[in-house]
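Source file: target05.cif. Holds: mmCIF, N, CA and C atoms.
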data_query
loop_
_atom_site.label_atom_id
_atom_site.label_comp_id
_atom_site.auth_asym_id
_atom_site.auth_seq_id
_atom_site.Cartn_x
_atom_site.Cartn_y
_atom_site.Cartn_z
N MET A 1 151.89 25.85 149.03
CA MET A 1 150.61 26.04 149.68
C MET A 1 150.79 26.04 151.19
N ILE A 2 151.59 25.11 151.68
CA ILE A 2 151.83 25.03 153.11
C ILE A 2 152.62 26.25 153.56
N LEU A 3 153.61 26.64 152.75
CA LEU A 3 154.42 27.80 153.08
C LEU A 3 153.55 29.04 153.19
N LYS A 4 152.58 29.17 152.31
CA LYS A 4 151.68 30.31 152.34
C LYS A 4 150.91 30.34 153.65
N ARG A 5 150.40 29.22 154.05
CA ARG A 5 149.64 29.15 155.30
C ARG A 5 150.51 29.48 156.50
N VAL A 6 151.73 28.95 156.49
CA VAL A 6 152.63 29.20 157.60
C VAL A 6 152.96 30.69 157.68
N ILE A 7 153.28 31.28 156.54
CA ILE A 7 153.63 32.69 156.53
C ILE A 7 152.44 33.55 156.95
N LEU A 8 151.26 33.22 156.44
CA LEU A 8 150.08 33.98 156.82
C LEU A 8 149.77 33.83 158.31
N CYS A 9 149.89 32.61 158.81
CA CYS A 9 149.64 32.39 160.25
C CYS A 9 150.65 33.16 161.10
N LEU A 10 151.93 33.09 160.71
CA LEU A 10 152.94 33.83 161.45
C LEU A 10 152.70 35.33 161.36
N GLY A 11 152.32 35.79 160.19
CA GLY A 11 152.02 37.20 160.01
C GLY A 11 150.84 37.64 160.86
N MET A 12 149.79 36.83 160.86
CA MET A 12 148.61 37.17 161.67
C MET A 12 148.95 37.10 163.16
N LEU A 13 149.69 36.08 163.55
CA LEU A 13 150.09 35.95 164.95
C LEU A 13 150.92 37.14 165.38
N LEU A 14 151.87 37.52 164.54
CA LEU A 14 152.70 38.67 164.83
C LEU A 14 151.85 39.94 164.87
N SER A 15 150.91 40.04 163.96
CA SER A 15 150.03 41.20 163.92
C SER A 15 149.20 41.31 165.19
N PHE A 16 148.61 40.20 165.62
CA PHE A 16 147.80 40.22 166.83
C PHE A 16 148.67 40.47 168.07
N ALA A 17 149.84 39.86 168.10
CA ALA A 17 150.74 40.03 169.25
C ALA A 17 151.24 41.47 169.34
N CYS A 18 151.45 42.07 168.21
CA CYS A 18 151.97 43.43 168.19
C CYS A 18 150.86 44.48 168.14
N ASN A 19 149.63 44.04 168.18
CA ASN A 19 148.50 44.97 168.08
C ASN A 19 148.53 45.98 169.21
N ARG A 20 149.05 45.58 170.35
CA ARG A 20 149.15 46.48 171.48
C ARG A 20 150.20 47.55 171.22
N PHE A 21 151.11 47.25 170.33
CA PHE A 21 152.20 48.16 170.05
C PHE A 21 151.94 48.88 168.73
N LYS A 22 152.76 49.81 168.48
CA LYS A 22 152.67 50.56 167.24
C LYS A 22 153.15 49.71 166.06
N GLY A 23 153.89 48.69 166.36
CA GLY A 23 154.44 47.83 165.32
C GLY A 23 155.86 48.24 165.02
N PRO A 24 156.56 47.43 164.27
CA PRO A 24 157.96 47.77 163.98
C PRO A 24 158.03 48.99 163.07
N GLU A 25 159.01 49.82 163.35
CA GLU A 25 159.22 50.98 162.50
C GLU A 25 159.80 50.52 161.17
N LYS A 26 159.57 51.32 160.17
CA LYS A 26 160.09 50.99 158.85
C LYS A 26 161.61 51.08 158.89
N PRO A 27 162.28 49.96 158.64
CA PRO A 27 163.75 49.97 158.70
C PRO A 27 164.33 50.89 157.63
N GLU A 28 165.48 51.48 157.94
CA GLU A 28 166.16 52.33 156.97
C GLU A 28 166.54 51.54 155.72
N ASN A 29 166.93 50.30 155.94
CA ASN A 29 167.39 49.46 154.84
C ASN A 29 166.32 48.43 154.45
N LEU A 30 165.06 48.85 154.45
CA LEU A 30 163.95 47.96 154.11
C LEU A 30 164.15 47.40 152.71
N ILE A 31 164.03 46.11 152.59
CA ILE A 31 164.14 45.47 151.29
C ILE A 31 162.90 45.83 150.49
N PRO A 32 163.07 46.36 149.26
CA PRO A 32 161.90 46.72 148.45
C PRO A 32 161.02 45.49 148.17
N GLU A 33 159.75 45.75 147.96
CA GLU A 33 158.78 44.65 147.78
C GLU A 33 159.17 43.74 146.63
N ASP A 34 159.56 44.30 145.48
CA ASP A 34 159.89 43.45 144.33
C ASP A 34 161.12 42.58 144.61
N LYS A 35 162.07 43.13 145.35
CA LYS A 35 163.26 42.34 145.71
C LYS A 35 162.87 41.25 146.71
N MET A 36 161.95 41.57 147.62
CA MET A 36 161.48 40.58 148.60
C MET A 36 160.78 39.43 147.89
N VAL A 37 160.02 39.74 146.83
CA VAL A 37 159.37 38.69 146.04
C VAL A 37 160.42 37.76 145.47
N ASN A 38 161.47 38.33 144.87
CA ASN A 38 162.52 37.51 144.27
C ASN A 38 163.27 36.68 145.31
N ILE A 39 163.46 37.25 146.49
CA ILE A 39 164.13 36.51 147.56
C ILE A 39 163.28 35.30 147.97
N LEU A 40 161.98 35.51 148.11
CA LEU A 40 161.08 34.39 148.47
C LEU A 40 161.06 33.32 147.38
N ILE A 41 161.07 33.75 146.12
CA ILE A 41 161.07 32.79 145.00
C ILE A 41 162.34 31.94 145.04
N ASP A 42 163.49 32.60 145.14
CA ASP A 42 164.76 31.85 145.17
C ASP A 42 164.84 30.94 146.38
N SER A 43 164.39 31.43 147.52
CA SER A 43 164.41 30.60 148.73
C SER A 43 163.56 29.35 148.55
N LYS A 44 162.39 29.53 147.99
CA LYS A 44 161.49 28.39 147.77
C LYS A 44 162.09 27.40 146.77
N LEU A 45 162.64 27.91 145.69
CA LEU A 45 163.23 27.03 144.68
C LEU A 45 164.41 26.24 145.26
N LEU A 46 165.23 26.90 146.04
CA LEU A 46 166.40 26.22 146.61
C LEU A 46 166.02 25.23 147.69
N THR A 47 165.00 25.52 148.47
CA THR A 47 164.63 24.60 149.54
C THR A 47 163.77 23.45 149.05
N SER A 48 163.28 23.53 147.83
CA SER A 48 162.43 22.45 147.32
C SER A 48 163.16 21.55 146.33
N THR A 49 164.48 21.57 146.35
CA THR A 49 165.23 20.72 145.45
C THR A 49 165.06 19.26 145.84
N ASN A 50 165.26 18.38 144.87
CA ASN A 50 165.15 16.95 145.18
C ASN A 50 166.40 16.46 145.90
N SER A 51 166.38 15.23 146.35
CA SER A 51 167.47 14.72 147.18
C SER A 51 168.81 14.70 146.45
N ALA A 52 168.81 14.42 145.16
CA ALA A 52 170.07 14.41 144.42
C ALA A 52 170.68 15.79 144.37
N ASN A 53 169.84 16.80 144.15
CA ASN A 53 170.34 18.17 144.12
C ASN A 53 170.76 18.65 145.50
N LYS A 54 170.07 18.18 146.53
CA LYS A 54 170.46 18.55 147.90
C LYS A 54 171.85 18.01 148.21
N ARG A 55 172.14 16.81 147.74
CA ARG A 55 173.46 16.24 147.96
C ARG A 55 174.52 17.08 147.24
N ILE A 56 174.23 17.50 146.02
CA ILE A 56 175.17 18.34 145.28
C ILE A 56 175.39 19.66 146.02
N MET A 57 174.29 20.24 146.52
CA MET A 57 174.40 21.50 147.26
C MET A 57 175.24 21.29 148.52
N LYS A 58 175.01 20.18 149.20
CA LYS A 58 175.75 19.90 150.43
C LYS A 58 177.22 19.67 150.12
N ASP A 59 177.51 18.90 149.06
CA ASP A 59 178.89 18.64 148.67
C ASP A 59 179.61 19.92 148.25
N SER A 60 178.86 20.87 147.73
CA SER A 60 179.43 22.15 147.30
C SER A 60 179.47 23.17 148.43
N ASN A 61 179.05 22.74 149.62
CA ASN A 61 178.98 23.63 150.78
C ASN A 61 178.12 24.86 150.50
N LEU A 62 177.02 24.66 149.81
CA LEU A 62 176.12 25.75 149.48
C LEU A 62 175.03 25.84 150.54
N ASP A 63 175.00 26.96 151.23
CA ASP A 63 173.97 27.21 152.21
C ASP A 63 172.93 28.12 151.56
N VAL A 64 171.67 27.72 151.63
CA VAL A 64 170.60 28.45 150.96
C VAL A 64 170.56 29.90 151.41
N ASN A 65 170.56 30.13 152.71
CA ASN A 65 170.46 31.50 153.21
C ASN A 65 171.65 32.35 152.76
N THR A 66 172.85 31.80 152.91
CA THR A 66 174.04 32.54 152.51
C THR A 66 174.00 32.86 151.03
N TYR A 67 173.58 31.90 150.22
CA TYR A 67 173.49 32.11 148.77
C TYR A 67 172.53 33.26 148.46
N VAL A 68 171.35 33.24 149.07
CA VAL A 68 170.34 34.27 148.81
C VAL A 68 170.84 35.63 149.30
N TYR A 69 171.44 35.66 150.48
CA TYR A 69 171.95 36.93 151.02
C TYR A 69 173.01 37.53 150.09
N ARG A 70 173.90 36.69 149.60
CA ARG A 70 174.95 37.19 148.70
C ARG A 70 174.36 37.63 147.37
N LYS A 71 173.45 36.85 146.84
CA LYS A 71 172.87 37.18 145.53
C LYS A 71 172.17 38.53 145.56
N TYR A 72 171.46 38.81 146.63
CA TYR A 72 170.70 40.06 146.71
C TYR A 72 171.42 41.14 147.52
N LYS A 73 172.66 40.87 147.90
CA LYS A 73 173.49 41.83 148.63
C LYS A 73 172.77 42.37 149.86
N ILE A 74 172.28 41.42 150.67
CA ILE A 74 171.64 41.75 151.94
C ILE A 74 172.29 40.92 153.03
N ASP A 75 171.96 41.22 154.26
CA ASP A 75 172.44 40.37 155.36
C ASP A 75 171.24 39.86 156.14
N SER A 76 171.52 38.98 157.07
CA SER A 76 170.44 38.33 157.80
C SER A 76 169.64 39.33 158.64
N THR A 77 170.30 40.35 159.17
CA THR A 77 169.60 41.36 159.96
C THR A 77 168.66 42.18 159.09
N GLN A 78 169.13 42.56 157.92
CA GLN A 78 168.28 43.32 157.01
C GLN A 78 167.07 42.50 156.60
N PHE A 79 167.29 41.22 156.33
CA PHE A 79 166.17 40.36 155.96
C PHE A 79 165.20 40.22 157.14
N ALA A 80 165.72 39.98 158.33
CA ALA A 80 164.87 39.80 159.51
C ALA A 80 164.07 41.06 159.80
N ASP A 81 164.71 42.23 159.72
CA ASP A 81 164.00 43.49 159.95
C ASP A 81 162.91 43.72 158.91
N SER A 82 163.26 43.48 157.64
CA SER A 82 162.29 43.68 156.57
C SER A 82 161.14 42.68 156.69
N ASN A 83 161.47 41.44 157.01
CA ASN A 83 160.46 40.41 157.15
C ASN A 83 159.51 40.75 158.31
N ALA A 84 160.05 41.23 159.41
CA ALA A 84 159.22 41.62 160.56
C ALA A 84 158.31 42.79 160.20
N TYR A 85 158.85 43.74 159.46
CA TYR A 85 158.05 44.90 159.05
C TYR A 85 156.90 44.46 158.15
N TYR A 86 157.23 43.66 157.13
CA TYR A 86 156.19 43.20 156.20
C TYR A 86 155.20 42.27 156.90
N ALA A 87 155.67 41.45 157.82
CA ALA A 87 154.77 40.54 158.52
C ALA A 87 153.77 41.31 159.37
N PHE A 88 154.19 42.46 159.91
CA PHE A 88 153.27 43.28 160.69
C PHE A 88 152.23 43.92 159.77
N HIS A 89 152.65 44.30 158.58
CA HIS A 89 151.75 44.90 157.59
C HIS A 89 151.28 43.78 156.66
N VAL A 90 150.30 43.05 157.15
CA VAL A 90 149.86 41.81 156.52
C VAL A 90 149.41 42.02 155.08
N GLU A 91 148.75 43.12 154.78
CA GLU A 91 148.26 43.35 153.41
C GLU A 91 149.43 43.41 152.43
N ILE A 92 150.49 44.09 152.83
CA ILE A 92 151.67 44.20 151.97
C ILE A 92 152.33 42.84 151.83
N TYR A 93 152.48 42.15 152.96
CA TYR A 93 153.14 40.84 152.94
C TYR A 93 152.34 39.84 152.12
N ASP A 94 151.03 39.90 152.23
CA ASP A 94 150.17 39.02 151.45
C ASP A 94 150.35 39.28 149.96
N ASP A 95 150.46 40.55 149.59
CA ASP A 95 150.68 40.92 148.19
C ASP A 95 152.03 40.39 147.71
N ILE A 96 153.06 40.55 148.53
CA ILE A 96 154.40 40.04 148.19
C ILE A 96 154.34 38.53 147.99
N TYR A 97 153.71 37.86 148.93
CA TYR A 97 153.64 36.40 148.87
C TYR A 97 152.85 35.93 147.65
N ASN A 98 151.74 36.58 147.35
CA ASN A 98 150.93 36.20 146.18
C ASN A 98 151.71 36.39 144.89
N LYS A 99 152.50 37.45 144.80
CA LYS A 99 153.34 37.65 143.61
C LYS A 99 154.36 36.53 143.48
N ALA A 100 154.93 36.13 144.61
CA ALA A 100 155.91 35.03 144.58
C ALA A 100 155.24 33.73 144.13
N ILE A 101 154.07 33.45 144.67
CA ILE A 101 153.34 32.23 144.29
C ILE A 101 152.99 32.26 142.81
N ASP A 102 152.50 33.40 142.31
CA ASP A 102 152.16 33.52 140.89
C ASP A 102 153.38 33.26 140.02
N SER A 103 154.52 33.81 140.41
CA SER A 103 155.75 33.60 139.63
C SER A 103 156.17 32.14 139.65
N LEU A 104 156.06 31.51 140.81
CA LEU A 104 156.41 30.09 140.90
C LEU A 104 155.48 29.24 140.05
N GLU A 105 154.20 29.58 140.03
CA GLU A 105 153.25 28.82 139.21
C GLU A 105 153.56 29.01 137.72
N ARG A 106 153.93 30.24 137.31
CA ARG A 106 154.30 30.46 135.91
C ARG A 106 155.55 29.67 135.56
N LEU A 107 156.53 29.66 136.46
CA LEU A 107 157.74 28.87 136.23
C LEU A 107 157.42 27.39 136.09
N HIS A 108 156.50 26.92 136.92
CA HIS A 108 156.10 25.52 136.87
C HIS A 108 155.45 25.20 135.51
N GLU A 109 154.59 26.07 135.03
CA GLU A 109 153.95 25.86 133.73
C GLU A 109 154.98 25.88 132.60
N GLU A 110 155.94 26.80 132.67
CA GLU A 110 156.99 26.85 131.66
C GLU A 110 157.82 25.57 131.68
N LEU A 111 158.10 25.06 132.86
CA LEU A 111 158.86 23.82 132.98
C LEU A 111 158.09 22.66 132.37
N LYS A 112 156.79 22.58 132.66
CA LYS A 112 155.98 21.51 132.08
C LYS A 112 155.97 21.59 130.56
N THR A 113 155.88 22.80 130.01
CA THR A 113 155.91 22.98 128.56
C THR A 113 157.24 22.54 127.97
N LEU A 114 158.33 22.94 128.62
CA LEU A 114 159.66 22.53 128.15
C LEU A 114 159.83 21.01 128.20
N GLN A 115 159.36 20.40 129.28
CA GLN A 115 159.47 18.95 129.39
C GLN A 115 158.65 18.25 128.31
N ALA A 116 157.47 18.77 128.02
CA ALA A 116 156.64 18.18 126.96
C ALA A 116 157.32 18.32 125.61
N ASP A 117 157.91 19.49 125.34
CA ASP A 117 158.60 19.70 124.07
C ASP A 117 159.81 18.77 123.95
N GLU A 118 160.55 18.61 125.04
CA GLU A 118 161.70 17.71 125.01
C GLU A 118 161.26 16.26 124.79
N TRP A 119 160.17 15.88 125.43
CA TRP A 119 159.66 14.52 125.26
C TRP A 119 159.24 14.29 123.81
N LYS A 120 158.55 15.27 123.21
CA LYS A 120 158.14 15.15 121.80
C LYS A 120 159.35 15.03 120.89
N ALA A 121 160.36 15.86 121.12
CA ALA A 121 161.56 15.81 120.29
C ALA A 121 162.27 14.47 120.43
N GLN A 122 162.37 13.96 121.64
CA GLN A 122 163.02 12.68 121.87
C GLN A 122 162.24 11.55 121.20
N THR A 123 160.92 11.58 121.32
CA THR A 123 160.08 10.55 120.71
C THR A 123 160.23 10.58 119.19
N LYS A 124 160.23 11.78 118.62
CA LYS A 124 160.38 11.91 117.17
C LYS A 124 161.74 11.37 116.72
N LYS A 125 162.77 11.68 117.49
CA LYS A 125 164.12 11.21 117.17
C LYS A 125 164.19 9.69 117.22
N GLU A 126 163.56 9.10 118.23
CA GLU A 126 163.56 7.64 118.35
C GLU A 126 162.78 7.00 117.21
N GLU A 127 161.66 7.60 116.82
CA GLU A 127 160.87 7.06 115.71
C GLU A 127 161.66 7.12 114.41
N GLU A 128 162.35 8.23 114.17
CA GLU A 128 163.15 8.36 112.96
C GLU A 128 164.28 7.34 112.93
N ALA A 129 164.91 7.12 114.07
CA ALA A 129 165.98 6.13 114.15
C ALA A 129 165.43 4.73 113.91
N SER A 130 164.25 4.47 114.42
CA SER A 130 163.63 3.17 114.23
C SER A 130 163.28 2.94 112.77
N LEU A 131 162.72 3.95 112.12
CA LEU A 131 162.38 3.83 110.70
C LEU A 131 163.63 3.68 109.84
N LYS A 132 164.69 4.38 110.18
CA LYS A 132 165.94 4.27 109.44
C LYS A 132 166.51 2.86 109.58
N GLY A 133 166.42 2.32 110.77
CA GLY A 133 166.91 0.96 111.02
C GLY A 133 166.11 -0.06 110.22
N GLU A 134 164.79 0.12 110.14
CA GLU A 134 163.95 -0.79 109.37
C GLU A 134 164.28 -0.70 107.88
N ALA A 135 164.53 0.50 107.39
CA ALA A 135 164.87 0.69 105.97
C ALA A 135 166.18 -0.01 105.64
N GLU A 136 167.15 0.05 106.52
CA GLU A 136 168.43 -0.62 106.28
C GLU A 136 168.25 -2.13 106.27
N ARG A 137 167.42 -2.64 107.19
CA ARG A 137 167.19 -4.08 107.22
C ARG A 137 166.45 -4.53 105.96
N ASP A 138 165.51 -3.72 105.47
CA ASP A 138 164.79 -4.08 104.26
C ASP A 138 165.71 -4.07 103.04
N SER A 139 166.67 -3.16 103.00
CA SER A 139 167.58 -3.09 101.86
C SER A 139 168.46 -4.33 101.79
N LEU A 140 168.71 -4.99 102.91
CA LEU A 140 169.50 -6.21 102.90
C LEU A 140 168.76 -7.34 102.20
N LYS A 141 167.45 -7.28 102.21
CA LYS A 141 166.67 -8.32 101.54
C LYS A 141 166.81 -8.22 100.02
N LEU A 142 167.15 -7.04 99.51
CA LEU A 142 167.28 -6.84 98.07
C LEU A 142 168.58 -7.43 97.52
N VAL A 143 169.55 -7.63 98.36
CA VAL A 143 170.84 -8.17 97.93
C VAL A 143 170.66 -9.66 97.69
N LYS A 144 171.06 -10.10 96.49
CA LYS A 144 170.94 -11.51 96.16
C LYS A 144 172.17 -12.23 96.68
N PRO A 145 171.95 -13.36 97.28
CA PRO A 145 173.08 -14.09 97.80
C PRO A 145 173.93 -14.63 96.63
N ILE A 146 175.19 -14.63 96.82
CA ILE A 146 176.11 -15.16 95.81
C ILE A 146 176.31 -16.63 96.10
N ILE A 147 176.04 -17.44 95.07
CA ILE A 147 176.18 -18.88 95.24
C ILE A 147 177.47 -19.29 94.56
N MET A 148 178.28 -19.94 95.25
CA MET A 148 179.56 -20.37 94.73
C MET A 148 179.48 -21.84 94.36
N ASP A 149 179.83 -22.13 93.17
CA ASP A 149 179.79 -23.52 92.71
C ASP A 149 181.10 -24.19 92.88
#

Reformat the file's structure so that it appears as structure tokens.
Amino acid sequence: MILKRVILCLGMLLSFACNRFKGPEKPENLIPEDKMVNILIDSKLLTSTNSANKRIMKDSNLDVNTYVYRKYKIDSTQFADSNAYYAFHVEIYDDIYNKAIDSLERLHEELKTLQADEWKAQTKKEEEASLKGEAERDSLKLVKPIIMD
């Protein structure tokens, strides 16, 4: 939510600042909109990791930007040029950003469903183990003690 506001504010600021100008020309190597959506999704997922995962990323010398650039076979200049172009064309950038947010929300819902399913399976497994343990303890009561005279 905060990221959306920041991007929209930057886009609007850039739009107003560049209003005197024609705006940035469409770069030859403009990143397609669908690819830009995926780049934003991956960037958000990688930057929102918890502290344990951040330590793993740091220990692995994983840089978020470098990872995303390699994954999508782009460089920082191509991203900067494409980002500037889309930021000037706020309607397009807003559409890209909304698609990214929608995808992240769907991923979040899928994660919650998976976690609920895992919790149910674990609870069922624990209940079965508990019942099995009770059955074994009850069967010990059926054994008659041997009395030695």

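Distance-wise, atom N of Thr77 of chain A and atom C of Tyr93 of chain A end up 19.3 Å apart.
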
Give one line per residue of segment 46-144 of chain A that approaches segment 23-31 of chain A to at most 8 Å, naming the two atoms of the closest pair and their distance in Å to one decimal, counting only C-alpha atoms; sort by chain then ascending residue number and deliver it as CSV.
residue,atom,partner,partner_atom,distance
A:Gln78,CA,A:Asn29,CA,6.6
A:Phe79,CA,A:Ile31,CA,7.2
A:Asp81,CA,A:Pro27,CA,6.6
A:Ser82,CA,A:Leu30,CA,5.2
A:Ala84,CA,A:Pro24,CA,7.1
A:Tyr85,CA,A:Pro24,CA,5.7
A:Phe88,CA,A:Gly23,CA,6.6

In Å, how far is it from atom CA of Asp63 of chain A to atom N of Lys44 of chain A?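 A separation of 12.5 Å between them.
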
Can you work out the spacing between atom N of Ile41 of chain A and atom C of Ala100 of chain A in Å, to one decimal?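 Interatomic distance here is 6.2 Å.
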
Translate the PyMOL selection byres (((chain A and resi 94-99 and name CA) around 8) and name CA), as applied to the file shown, into an explicit residue set as a short mmCIF file (atom, residue, chain, number, x, y, z; two decimals) with N, CA and C atoms, in the frame of the given file.
data_model
loop_
_atom_site.label_atom_id
_atom_site.label_comp_id
_atom_site.auth_asym_id
_atom_site.auth_seq_id
_atom_site.Cartn_x
_atom_site.Cartn_y
_atom_site.Cartn_z
N LYS A 4 152.58 29.17 152.31
CA LYS A 4 151.68 30.31 152.34
C LYS A 4 150.91 30.34 153.65
N LEU A 8 151.26 33.22 156.44
CA LEU A 8 150.08 33.98 156.82
C LEU A 8 149.77 33.83 158.31
N GLU A 33 159.75 45.75 147.96
CA GLU A 33 158.78 44.65 147.78
C GLU A 33 159.17 43.74 146.63
N ASP A 34 159.56 44.30 145.48
CA ASP A 34 159.89 43.45 144.33
C ASP A 34 161.12 42.58 144.61
N MET A 36 161.95 41.57 147.62
CA MET A 36 161.48 40.58 148.60
C MET A 36 160.78 39.43 147.89
N VAL A 37 160.02 39.74 146.83
CA VAL A 37 159.37 38.69 146.04
C VAL A 37 160.42 37.76 145.47
N LEU A 40 161.98 35.51 148.11
CA LEU A 40 161.08 34.39 148.47
C LEU A 40 161.06 33.32 147.38
N VAL A 90 150.30 43.05 157.15
CA VAL A 90 149.86 41.81 156.52
C VAL A 90 149.41 42.02 155.08
N GLU A 91 148.75 43.12 154.78
CA GLU A 91 148.26 43.35 153.41
C GLU A 91 149.43 43.41 152.43
N ILE A 92 150.49 44.09 152.83
CA ILE A 92 151.67 44.20 151.97
C ILE A 92 152.33 42.84 151.83
N TYR A 93 152.48 42.15 152.96
CA TYR A 93 153.14 40.84 152.94
C TYR A 93 152.34 39.84 152.12
N ALA A 100 154.93 36.13 144.61
CA ALA A 100 155.91 35.03 144.58
C ALA A 100 155.24 33.73 144.13
N ILE A 101 154.07 33.45 144.67
CA ILE A 101 153.34 32.23 144.29
C ILE A 101 152.99 32.26 142.81
N ASP A 102 152.50 33.40 142.31
CA ASP A 102 152.16 33.52 140.89
C ASP A 102 153.38 33.26 140.02
N SER A 103 154.52 33.81 140.41
CA SER A 103 155.75 33.60 139.63
C SER A 103 156.17 32.14 139.65
#

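Nearest to Gly11 of chain A of all the residues A:Lys112, A:Tyr86, A:Lys73, A:Thr47 is A:Tyr86, based on all atoms listed in the file.
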
Those in segment 13-81 of chain A with alpha helix (DSSP H) from DSSP, as JSON, numbers by chain: {"A": [13, 14, 15, 16, 17, 33, 34, 35, 36, 37, 38, 39, 40, 41, 42, 43, 44, 45, 46, 47, 51, 52, 53, 54, 55, 56, 57, 58, 59, 64, 65, 66, 67, 68, 69, 70, 71, 76, 77, 78, 79, 80, 81]}

Only N, CA and C atoms, please: the residues just picked out, written as a compact mmCIF listing (two decimals), in the coordinates of the input.
# COMPACT_ATOMS: atom_id res chain seq x y z
N LEU A 13 149.69 36.08 163.55
CA LEU A 13 150.09 35.95 164.95
C LEU A 13 150.92 37.14 165.38
N LEU A 14 151.87 37.52 164.54
CA LEU A 14 152.70 38.67 164.83
C LEU A 14 151.85 39.94 164.87
N SER A 15 150.91 40.04 163.96
CA SER A 15 150.03 41.20 163.92
C SER A 15 149.20 41.31 165.19
N PHE A 16 148.61 40.20 165.62
CA PHE A 16 147.80 40.22 166.83
C PHE A 16 148.67 40.47 168.07
N ALA A 17 149.84 39.86 168.10
CA ALA A 17 150.74 40.03 169.25
C ALA A 17 151.24 41.47 169.34
N GLU A 33 159.75 45.75 147.96
CA GLU A 33 158.78 44.65 147.78
C GLU A 33 159.17 43.74 146.63
N ASP A 34 159.56 44.30 145.48
CA ASP A 34 159.89 43.45 144.33
C ASP A 34 161.12 42.58 144.61
N LYS A 35 162.07 43.13 145.35
CA LYS A 35 163.26 42.34 145.71
C LYS A 35 162.87 41.25 146.71
N MET A 36 161.95 41.57 147.62
CA MET A 36 161.48 40.58 148.60
C MET A 36 160.78 39.43 147.89
N VAL A 37 160.02 39.74 146.83
CA VAL A 37 159.37 38.69 146.04
C VAL A 37 160.42 37.76 145.47
N ASN A 38 161.47 38.33 144.87
CA ASN A 38 162.52 37.51 144.27
C ASN A 38 163.27 36.68 145.31
N ILE A 39 163.46 37.25 146.49
CA ILE A 39 164.13 36.51 147.56
C ILE A 39 163.28 35.30 147.97
N LEU A 40 161.98 35.51 148.11
CA LEU A 40 161.08 34.39 148.47
C LEU A 40 161.06 33.32 147.38
N ILE A 41 161.07 33.75 146.12
CA ILE A 41 161.07 32.79 145.00
C ILE A 41 162.34 31.94 145.04
N ASP A 42 163.49 32.60 145.14
CA ASP A 42 164.76 31.85 145.17
C ASP A 42 164.84 30.94 146.38
N SER A 43 164.39 31.43 147.52
CA SER A 43 164.41 30.60 148.73
C SER A 43 163.56 29.35 148.55
N LYS A 44 162.39 29.53 147.99
CA LYS A 44 161.49 28.39 147.77
C LYS A 44 162.09 27.40 146.77
N LEU A 45 162.64 27.91 145.69
CA LEU A 45 163.23 27.03 144.68
C LEU A 45 164.41 26.24 145.26
N LEU A 46 165.23 26.90 146.04
CA LEU A 46 166.40 26.22 146.61
C LEU A 46 166.02 25.23 147.69
N THR A 47 165.00 25.52 148.47
CA THR A 47 164.63 24.60 149.54
C THR A 47 163.77 23.45 149.05
N SER A 51 166.38 15.23 146.35
CA SER A 51 167.47 14.72 147.18
C SER A 51 168.81 14.70 146.45
N ALA A 52 168.81 14.42 145.16
CA ALA A 52 170.07 14.41 144.42
C ALA A 52 170.68 15.79 144.37
N ASN A 53 169.84 16.80 144.15
CA ASN A 53 170.34 18.17 144.12
C ASN A 53 170.76 18.65 145.50
N LYS A 54 170.07 18.18 146.53
CA LYS A 54 170.46 18.55 147.90
C LYS A 54 171.85 18.01 148.21
N ARG A 55 172.14 16.81 147.74
CA ARG A 55 173.46 16.24 147.96
C ARG A 55 174.52 17.08 147.24
N ILE A 56 174.23 17.50 146.02
CA ILE A 56 175.17 18.34 145.28
C ILE A 56 175.39 19.66 146.02
N MET A 57 174.29 20.24 146.52
CA MET A 57 174.40 21.50 147.26
C MET A 57 175.24 21.29 148.52
N LYS A 58 175.01 20.18 149.20
CA LYS A 58 175.75 19.90 150.43
C LYS A 58 177.22 19.67 150.12
N ASP A 59 177.51 18.90 149.06
CA ASP A 59 178.89 18.64 148.67
C ASP A 59 179.61 19.92 148.25
N VAL A 64 171.67 27.72 151.63
CA VAL A 64 170.60 28.45 150.96
C VAL A 64 170.56 29.90 151.41
N ASN A 65 170.56 30.13 152.71
CA ASN A 65 170.46 31.50 153.21
C ASN A 65 171.65 32.35 152.76
N THR A 66 172.85 31.80 152.91
CA THR A 66 174.04 32.54 152.51
C THR A 66 174.00 32.86 151.03
N TYR A 67 173.58 31.90 150.22
CA TYR A 67 173.49 32.11 148.77
C TYR A 67 172.53 33.26 148.46
N VAL A 68 171.35 33.24 149.07
CA VAL A 68 170.34 34.27 148.81
C VAL A 68 170.84 35.63 149.30
N TYR A 69 171.44 35.66 150.48
CA TYR A 69 171.95 36.93 151.02
C TYR A 69 173.01 37.53 150.09
N ARG A 70 173.90 36.69 149.60
CA ARG A 70 174.95 37.19 148.70
C ARG A 70 174.36 37.63 147.37
N LYS A 71 173.45 36.85 146.84
CA LYS A 71 172.87 37.18 145.53
C LYS A 71 172.17 38.53 145.56
N SER A 76 171.52 38.98 157.07
CA SER A 76 170.44 38.33 157.80
C SER A 76 169.64 39.33 158.64
N THR A 77 170.30 40.35 159.17
CA THR A 77 169.60 41.36 159.96
C THR A 77 168.66 42.18 159.09
N GLN A 78 169.13 42.56 157.92
CA GLN A 78 168.28 43.32 157.01
C GLN A 78 167.07 42.50 156.60
N PHE A 79 167.29 41.22 156.33
CA PHE A 79 166.17 40.36 155.96
C PHE A 79 165.20 40.22 157.14
N ALA A 80 165.72 39.98 158.33
CA ALA A 80 164.87 39.80 159.51
C ALA A 80 164.07 41.06 159.80
N ASP A 81 164.71 42.23 159.72
CA ASP A 81 164.00 43.49 159.95
C ASP A 81 162.91 43.72 158.91

As JSON, what would the box around segment 76-92 of chain A look like: edges along x, y and z, 8 Å added on every side, centre and edge lengths in Å to one decimal?
{"center_x": 159.9, "center_y": 41.6, "center_z": 156.3, "size_x": 39.3, "size_y": 22.6, "size_z": 24.9}

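Shortest atom-to-atom contact with Val68 of chain A among A:Thr49, A:Asp42, A:Ala129, A:Arg55: A:Asp42, counting only N, CA and C atoms.
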